[in-house]
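**Q** Got a structure for you, questions after.
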Amino acid sequence: MSLVEDTTPVEKTINGTVVRLVKDDITAMDIEALVYYATSDLKLGSGHGNAITMRGGMAIQKALDEIGGLDLTQAVITEAGELKAQWIVHAVGPKFQEEDMEGKLKTTVLNSMKKADEKGIKALAFPPMGAGFYGIGLDVTAEVMLEAMTEYLKGATGLKEVVICANDSRDFVPFKNQMEVIQ
């Protein structure tokens, strides 16, 4: 038996929109828009924030500085600078052990999708929202994100593709398991 988890892309279709799970670097993806799990001050920090700055350029942070900040669960869109993506949806989500963490995470995902729809975006990639630095467990993240995506996509939307981009097999497996139960 192999110790390496199968990270073959997984795909489901919900109301005409393809939801795809891939293992990749979200900041290097060739997709119309990507979601960044932002801090309320909209400062691009370490992890994906650093990769966005390094690959996309300082114009992204400059645009965020002009916006100033966002409240929890809110999202805003900026151009993606020199990234392959055209747009970045910066979404402020909850941290581990925050009151109503799951509800706030669901609202953050829904607001991100709504902002993308308002902009006319057709293809949107999400990281595992709140996992990693923000300490939300991957099982909770996968369950809440896919519940929110399914709920949103069952309504009227212009989104044609939603990608969940896992960094590695540790991120990939909980989403794969959750996608298997989507009806």
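For the structure tokens, the naming scheme is as follows: chains receive sequential letters (A, B, ...) according to their order of presentation, residues are indexed from 1 within each chain, and ligands are indexed from 1 in presentation order.
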Using only C-alpha atoms, which protein or nucleic acid residues come within 8 Å of segment 16-29 of chain A? Drop anything in the same chain fewer than 3 positions from it, and give the result as a PyMOL selection string.

**A** chain A and resi 7-13+34+48+51-52+55+83-85+125-127+153+159-169+172+175-176

**Q** For those residues, write N, CA and C atoms to a file as a CSV table (one decimal), in the first residue's frame.

**A**
chain,number,residue,atom,x,y,z
A,7,THR,N,-4.0,12.3,-5.3
A,7,THR,CA,-4.5,13.7,-5.4
A,7,THR,C,-4.9,13.9,-6.9
A,8,THR,N,-5.5,12.9,-7.5
A,8,THR,CA,-6.1,13.1,-8.8
A,8,THR,C,-7.2,14.1,-8.7
A,9,PRO,N,-7.3,15.1,-9.6
A,9,PRO,CA,-8.4,16.0,-9.5
A,9,PRO,C,-9.8,15.4,-9.4
A,10,VAL,N,-10.7,15.9,-8.6
A,10,VAL,CA,-12.0,15.4,-8.4
A,10,VAL,C,-13.0,16.5,-8.9
A,11,GLU,N,-14.0,16.1,-9.5
A,11,GLU,CA,-15.0,17.1,-10.1
A,11,GLU,C,-16.4,16.7,-9.9
A,12,LYS,N,-17.2,17.7,-9.6
A,12,LYS,CA,-18.7,17.5,-9.4
A,12,LYS,C,-19.3,18.7,-10.2
A,13,THR,N,-20.5,18.5,-10.7
A,13,THR,CA,-21.3,19.5,-11.3
A,13,THR,C,-22.5,19.8,-10.5
A,34,LEU,N,-8.8,34.4,-8.2
A,34,LEU,CA,-8.5,33.6,-7.0
A,34,LEU,C,-9.0,34.3,-5.8
A,48,HIS,N,0.4,32.7,1.3
A,48,HIS,CA,-0.1,33.2,0.0
A,48,HIS,C,0.0,34.7,-0.2
A,51,ALA,N,3.4,35.2,-1.5
A,51,ALA,CA,3.5,34.8,-2.9
A,51,ALA,C,2.7,35.7,-3.9
A,52,ILE,N,1.6,36.2,-3.4
A,52,ILE,CA,0.9,37.2,-4.3
A,52,ILE,C,1.7,38.4,-4.5
A,55,ARG,N,4.8,37.4,-6.9
A,55,ARG,CA,4.4,37.1,-8.2
A,55,ARG,C,3.6,38.1,-8.9
A,83,LEU,N,0.1,38.3,-11.8
A,83,LEU,CA,-0.3,36.9,-11.6
A,83,LEU,C,-1.0,36.5,-12.9
A,84,LYS,N,-1.1,35.2,-13.1
A,84,LYS,CA,-1.8,34.6,-14.3
A,84,LYS,C,-3.3,34.9,-14.1
A,85,ALA,N,-3.8,35.0,-12.9
A,85,ALA,CA,-5.2,35.4,-12.7
A,85,ALA,C,-5.4,36.9,-13.0
A,125,ALA,N,-11.0,30.4,-8.1
A,125,ALA,CA,-10.3,29.4,-7.3
A,125,ALA,C,-10.2,29.8,-5.8
A,126,PHE,N,-10.5,28.9,-4.9
A,126,PHE,CA,-10.4,29.1,-3.5
A,126,PHE,C,-9.3,28.2,-2.9
A,127,PRO,N,-8.6,28.8,-1.9
A,127,PRO,CA,-7.7,27.9,-1.1
A,127,PRO,C,-8.6,27.3,0.0
A,153,LEU,N,-24.4,27.8,-5.4
A,153,LEU,CA,-24.5,27.3,-6.8
A,153,LEU,C,-25.8,26.8,-7.2
A,159,LEU,N,-21.2,32.0,-12.4
A,159,LEU,CA,-20.0,31.2,-12.2
A,159,LEU,C,-20.1,29.9,-12.9
A,160,LYS,N,-19.1,29.5,-13.7
A,160,LYS,CA,-19.2,28.3,-14.5
A,160,LYS,C,-18.2,27.3,-14.0
A,161,GLU,N,-17.2,27.8,-13.2
A,161,GLU,CA,-16.2,26.9,-12.6
A,161,GLU,C,-15.7,27.4,-11.3
A,162,VAL,N,-15.8,26.6,-10.3
A,162,VAL,CA,-15.2,26.9,-9.0
A,162,VAL,C,-14.2,25.8,-8.6
A,163,VAL,N,-13.0,26.3,-8.4
A,163,VAL,CA,-11.9,25.4,-8.1
A,163,VAL,C,-11.5,25.5,-6.6
A,164,ILE,N,-11.3,24.4,-6.0
A,164,ILE,CA,-10.7,24.3,-4.6
A,164,ILE,C,-9.3,23.9,-4.8
A,165,CYS,N,-8.3,24.7,-4.5
A,165,CYS,CA,-6.9,24.5,-4.7
A,165,CYS,C,-6.2,24.1,-3.4
A,166,ALA,N,-5.9,22.8,-3.3
A,166,ALA,CA,-5.2,22.4,-2.1
A,166,ALA,C,-3.7,22.4,-2.4
A,167,ASN,N,-2.9,22.8,-1.3
A,167,ASN,CA,-1.5,22.9,-1.5
A,167,ASN,C,-0.8,21.6,-1.5
A,168,ASP,N,-1.3,20.6,-0.8
A,168,ASP,CA,-0.7,19.3,-0.7
A,168,ASP,C,-1.8,18.2,-0.3
A,169,SER,N,-1.3,17.0,-0.2
A,169,SER,CA,-2.3,15.9,0.1
A,169,SER,C,-3.0,16.1,1.4
A,172,PHE,N,-5.7,18.3,0.6
A,172,PHE,CA,-6.6,17.7,-0.5
A,172,PHE,C,-7.6,16.6,0.1
A,175,PHE,N,-11.1,17.6,1.6
A,175,PHE,CA,-12.0,18.1,0.5
A,175,PHE,C,-12.5,17.0,-0.4
A,176,LYS,N,-11.6,16.1,-0.7
A,176,LYS,CA,-12.0,14.9,-1.5
A,176,LYS,C,-13.0,14.1,-0.8

**Q** Would you please extract all alpha helix (DSSP H) residues from chain A, as assigned by DSSP on the backbone, and give them as number ranges by chain?

**A** A: 48-56, 59-67, 101-119, 138-153, 169-179

**Q** Near Thr157 of chain A, counting only C-alpha atoms, which residues have an atom at most 12 Å away, once you skip same-chain residues fewer than 5 positions from it, shown as a PyMOL selection string?

**A** chain A and resi 14-17+110+113-123+149-152+162

**Q** So that I have them on file, write out the residues from the current selection with C-alpha atoms, as a PDB file, in the first residue's frame.

**A**
ATOM      1  CA  ILE A  14     -23.785  21.573  -9.312  1.00  0.00           C
ATOM      2  CA  ASN A  15     -26.595  23.219 -11.265  1.00  0.00           C
ATOM      3  CA  GLY A  16     -24.384  23.520 -14.367  1.00  0.00           C
ATOM      4  CA  THR A  17     -21.291  24.813 -12.536  1.00  0.00           C
ATOM      5  CA  LEU A 110     -20.794  33.098   0.150  1.00  0.00           C
ATOM      6  CA  MET A 113     -18.788  34.067  -4.575  1.00  0.00           C
ATOM      7  CA  LYS A 114     -21.287  36.941  -4.623  1.00  0.00           C
ATOM      8  CA  LYS A 115     -18.492  39.492  -5.268  1.00  0.00           C
ATOM      9  CA  ALA A 116     -17.170  37.329  -8.109  1.00  0.00           C
ATOM     10  CA  ASP A 117     -20.653  37.121  -9.605  1.00  0.00           C
ATOM     11  CA  GLU A 118     -21.121  40.889  -9.309  1.00  0.00           C
ATOM     12  CA  LYS A 119     -17.846  41.355 -11.232  1.00  0.00           C
ATOM     13  CA  GLY A 120     -18.941  38.902 -13.936  1.00  0.00           C
ATOM     14  CA  ILE A 121     -16.223  36.392 -13.079  1.00  0.00           C
ATOM     15  CA  LYS A 122     -16.845  32.921 -14.531  1.00  0.00           C
ATOM     16  CA  ALA A 123     -13.945  30.919 -13.003  1.00  0.00           C
ATOM     17  CA  MET A 149     -20.565  26.513  -2.409  1.00  0.00           C
ATOM     18  CA  THR A 150     -23.336  23.985  -2.979  1.00  0.00           C
ATOM     19  CA  GLU A 151     -25.926  26.336  -1.479  1.00  0.00           C
ATOM     20  CA  TYR A 152     -24.727  29.270  -3.578  1.00  0.00           C
ATOM     21  CA  VAL A 162     -15.224  26.882  -8.959  1.00  0.00           C
TER      22      VAL A 162
END

**Q** Considering only C-alpha atoms, return as an MDAnalysis selection string whatever protein or nucleic-acid residues lie within 9 Å of Asn111 of chain A, sequence-local ones (same chain, fewer than 5 positions apart) excluded.

**A** chainID A and resid 73:75 91 106 116

**Q** Apply DSSP to the backbone of this structure and, from chain A, keep only the residues in strand (DSSP E); write these as a ChimeraX atom specification.

**A** /A:10-14,17-23,33-38,75-79,87-92,123-126,161-166

**Q** Just to be explicit: take each residue in the selection above, keep C-alpha atoms, and write the result as a PDB file, in the first residue's frame.

**A**
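Result file is out-v5.pdb:
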ATOM      1  CA  VAL A  10     -12.009  15.442  -8.389  1.00  0.00           C
ATOM      2  CA  GLU A  11     -14.955  17.081 -10.108  1.00  0.00           C
ATOM      3  CA  LYS A  12     -18.681  17.517  -9.442  1.00  0.00           C
ATOM      4  CA  THR A  13     -21.274  19.532 -11.312  1.00  0.00           C
ATOM      5  CA  ILE A  14     -23.785  21.573  -9.312  1.00  0.00           C
ATOM      6  CA  THR A  17     -21.291  24.813 -12.536  1.00  0.00           C
ATOM      7  CA  VAL A  18     -18.228  22.578 -12.345  1.00  0.00           C
ATOM      8  CA  VAL A  19     -16.668  22.319  -8.876  1.00  0.00           C
ATOM      9  CA  ARG A  20     -13.141  20.937  -9.148  1.00  0.00           C
ATOM     10  CA  LEU A  21     -10.628  19.947  -6.477  1.00  0.00           C
ATOM     11  CA  VAL A  22      -6.967  20.147  -7.530  1.00  0.00           C
ATOM     12  CA  LYS A  23      -3.559  20.049  -5.880  1.00  0.00           C
ATOM     13  CA  ALA A  33      -9.853  34.958 -10.298  1.00  0.00           C
ATOM     14  CA  LEU A  34      -8.550  33.577  -7.033  1.00  0.00           C
ATOM     15  CA  VAL A  35      -9.629  34.086  -3.445  1.00  0.00           C
ATOM     16  CA  TYR A  36      -7.163  35.217  -0.795  1.00  0.00           C
ATOM     17  CA  TYR A  37      -7.999  34.748   2.905  1.00  0.00           C
ATOM     18  CA  ALA A  38      -7.201  38.290   3.980  1.00  0.00           C
ATOM     19  CA  ALA A  75     -14.833  40.635   0.472  1.00  0.00           C
ATOM     20  CA  VAL A  76     -13.385  43.052  -2.075  1.00  0.00           C
ATOM     21  CA  ILE A  77     -11.875  42.532  -5.533  1.00  0.00           C
ATOM     22  CA  THR A  78      -8.634  43.966  -6.893  1.00  0.00           C
ATOM     23  CA  GLU A  79      -6.729  43.394 -10.084  1.00  0.00           C
ATOM     24  CA  TRP A  87      -8.571  39.295 -10.270  1.00  0.00           C
ATOM     25  CA  ILE A  88      -8.136  38.588  -6.561  1.00  0.00           C
ATOM     26  CA  VAL A  89     -11.095  38.361  -4.220  1.00  0.00           C
ATOM     27  CA  HIS A  90      -9.725  39.373  -0.802  1.00  0.00           C
ATOM     28  CA  ALA A  91     -12.024  37.857   1.834  1.00  0.00           C
ATOM     29  CA  VAL A  92     -11.760  38.384   5.597  1.00  0.00           C
ATOM     30  CA  ALA A 123     -13.945  30.919 -13.003  1.00  0.00           C
ATOM     31  CA  LEU A 124     -12.923  31.280  -9.355  1.00  0.00           C
ATOM     32  CA  ALA A 125     -10.317  29.384  -7.286  1.00  0.00           C
ATOM     33  CA  PHE A 126     -10.417  29.070  -3.488  1.00  0.00           C
ATOM     34  CA  GLU A 161     -16.175  26.864 -12.631  1.00  0.00           C
ATOM     35  CA  VAL A 162     -15.224  26.882  -8.959  1.00  0.00           C
ATOM     36  CA  VAL A 163     -11.870  25.353  -8.075  1.00  0.00           C
ATOM     37  CA  ILE A 164     -10.696  24.346  -4.628  1.00  0.00           C
ATOM     38  CA  CYS A 165      -6.926  24.473  -4.737  1.00  0.00           C
ATOM     39  CA  ALA A 166      -5.156  22.356  -2.119  1.00  0.00           C
TER      40      ALA A 166
END

**Q** Any idea what's packed within 12 Å of Met54 of chain A, counting only C-alpha atoms, ignoring anything in its chain fewer than 4 positions away? Could you give it as an mmCIF file with C-alpha atoms, in the first residue's frame?

**A**
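Final output, saved to result.cif:
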data_model
loop_
_atom_site.group_PDB
_atom_site.id
_atom_site.type_symbol
_atom_site.label_atom_id
_atom_site.label_comp_id
_atom_site.auth_asym_id
_atom_site.auth_seq_id
_atom_site.Cartn_x
_atom_site.Cartn_y
_atom_site.Cartn_z
ATOM 1 C CA THR A 27 -0.988 31.901 -6.820
ATOM 2 C CA ALA A 28 0.426 30.239 -9.949
ATOM 3 C CA LEU A 44 -0.526 40.938 2.320
ATOM 4 C CA GLY A 45 1.460 38.966 4.864
ATOM 5 C CA SER A 46 3.217 35.626 4.817
ATOM 6 C CA GLY A 47 2.190 32.466 2.957
ATOM 7 C CA HIS A 48 -0.114 33.155 0.018
ATOM 8 C CA GLY A 49 0.073 36.892 0.740
ATOM 9 C CA ASN A 50 3.838 36.845 0.241
ATOM 10 C CA MET A 58 3.339 45.769 -5.320
ATOM 11 C CA ALA A 59 0.387 47.241 -7.237
ATOM 12 C CA ILE A 60 -1.896 44.754 -5.462
ATOM 13 C CA GLN A 61 -0.927 45.981 -1.992
ATOM 14 C CA ALA A 80 -4.144 40.617 -9.771
ATOM 15 C CA GLY A 81 -1.129 42.499 -11.093
ATOM 16 C CA GLU A 82 1.309 40.179 -12.827
ATOM 17 C CA LEU A 83 -0.312 36.936 -11.644
#

**Q** Quick one, how far is atom CA of Asp139 of chain A from atom CA of Pro174 of chain A?

**A**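 We find that atom CA of Asp139 of chain A and atom CA of Pro174 of chain A lie 5.5 Å from each other.
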
**Q** How many Å separate atom CA of Val109 of chain A from atom CA of Ala148 of chain A?

**A**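 One can read the atom CA of Val109 of chain A to atom CA of Ala148 of chain A distance as 6.5 Å.
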
**Q** Any idea what the distance is between atom CA of Lys43 of chain A and atom CA of Glu147 of chain A?

**A**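 Separation of atom CA of Lys43 of chain A and atom CA of Glu147 of chain A: 28.4 Å.
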
**Q** Using only C-alpha atoms, pick whichever of A:Gly56, A:Glu32, A:Ala156, A:Leu146 has the shortest atom-to-atom distance to Glu180 of chain A.

**A**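 Using only C-alpha atoms, Glu180 of chain A sits closest to A:Leu146.
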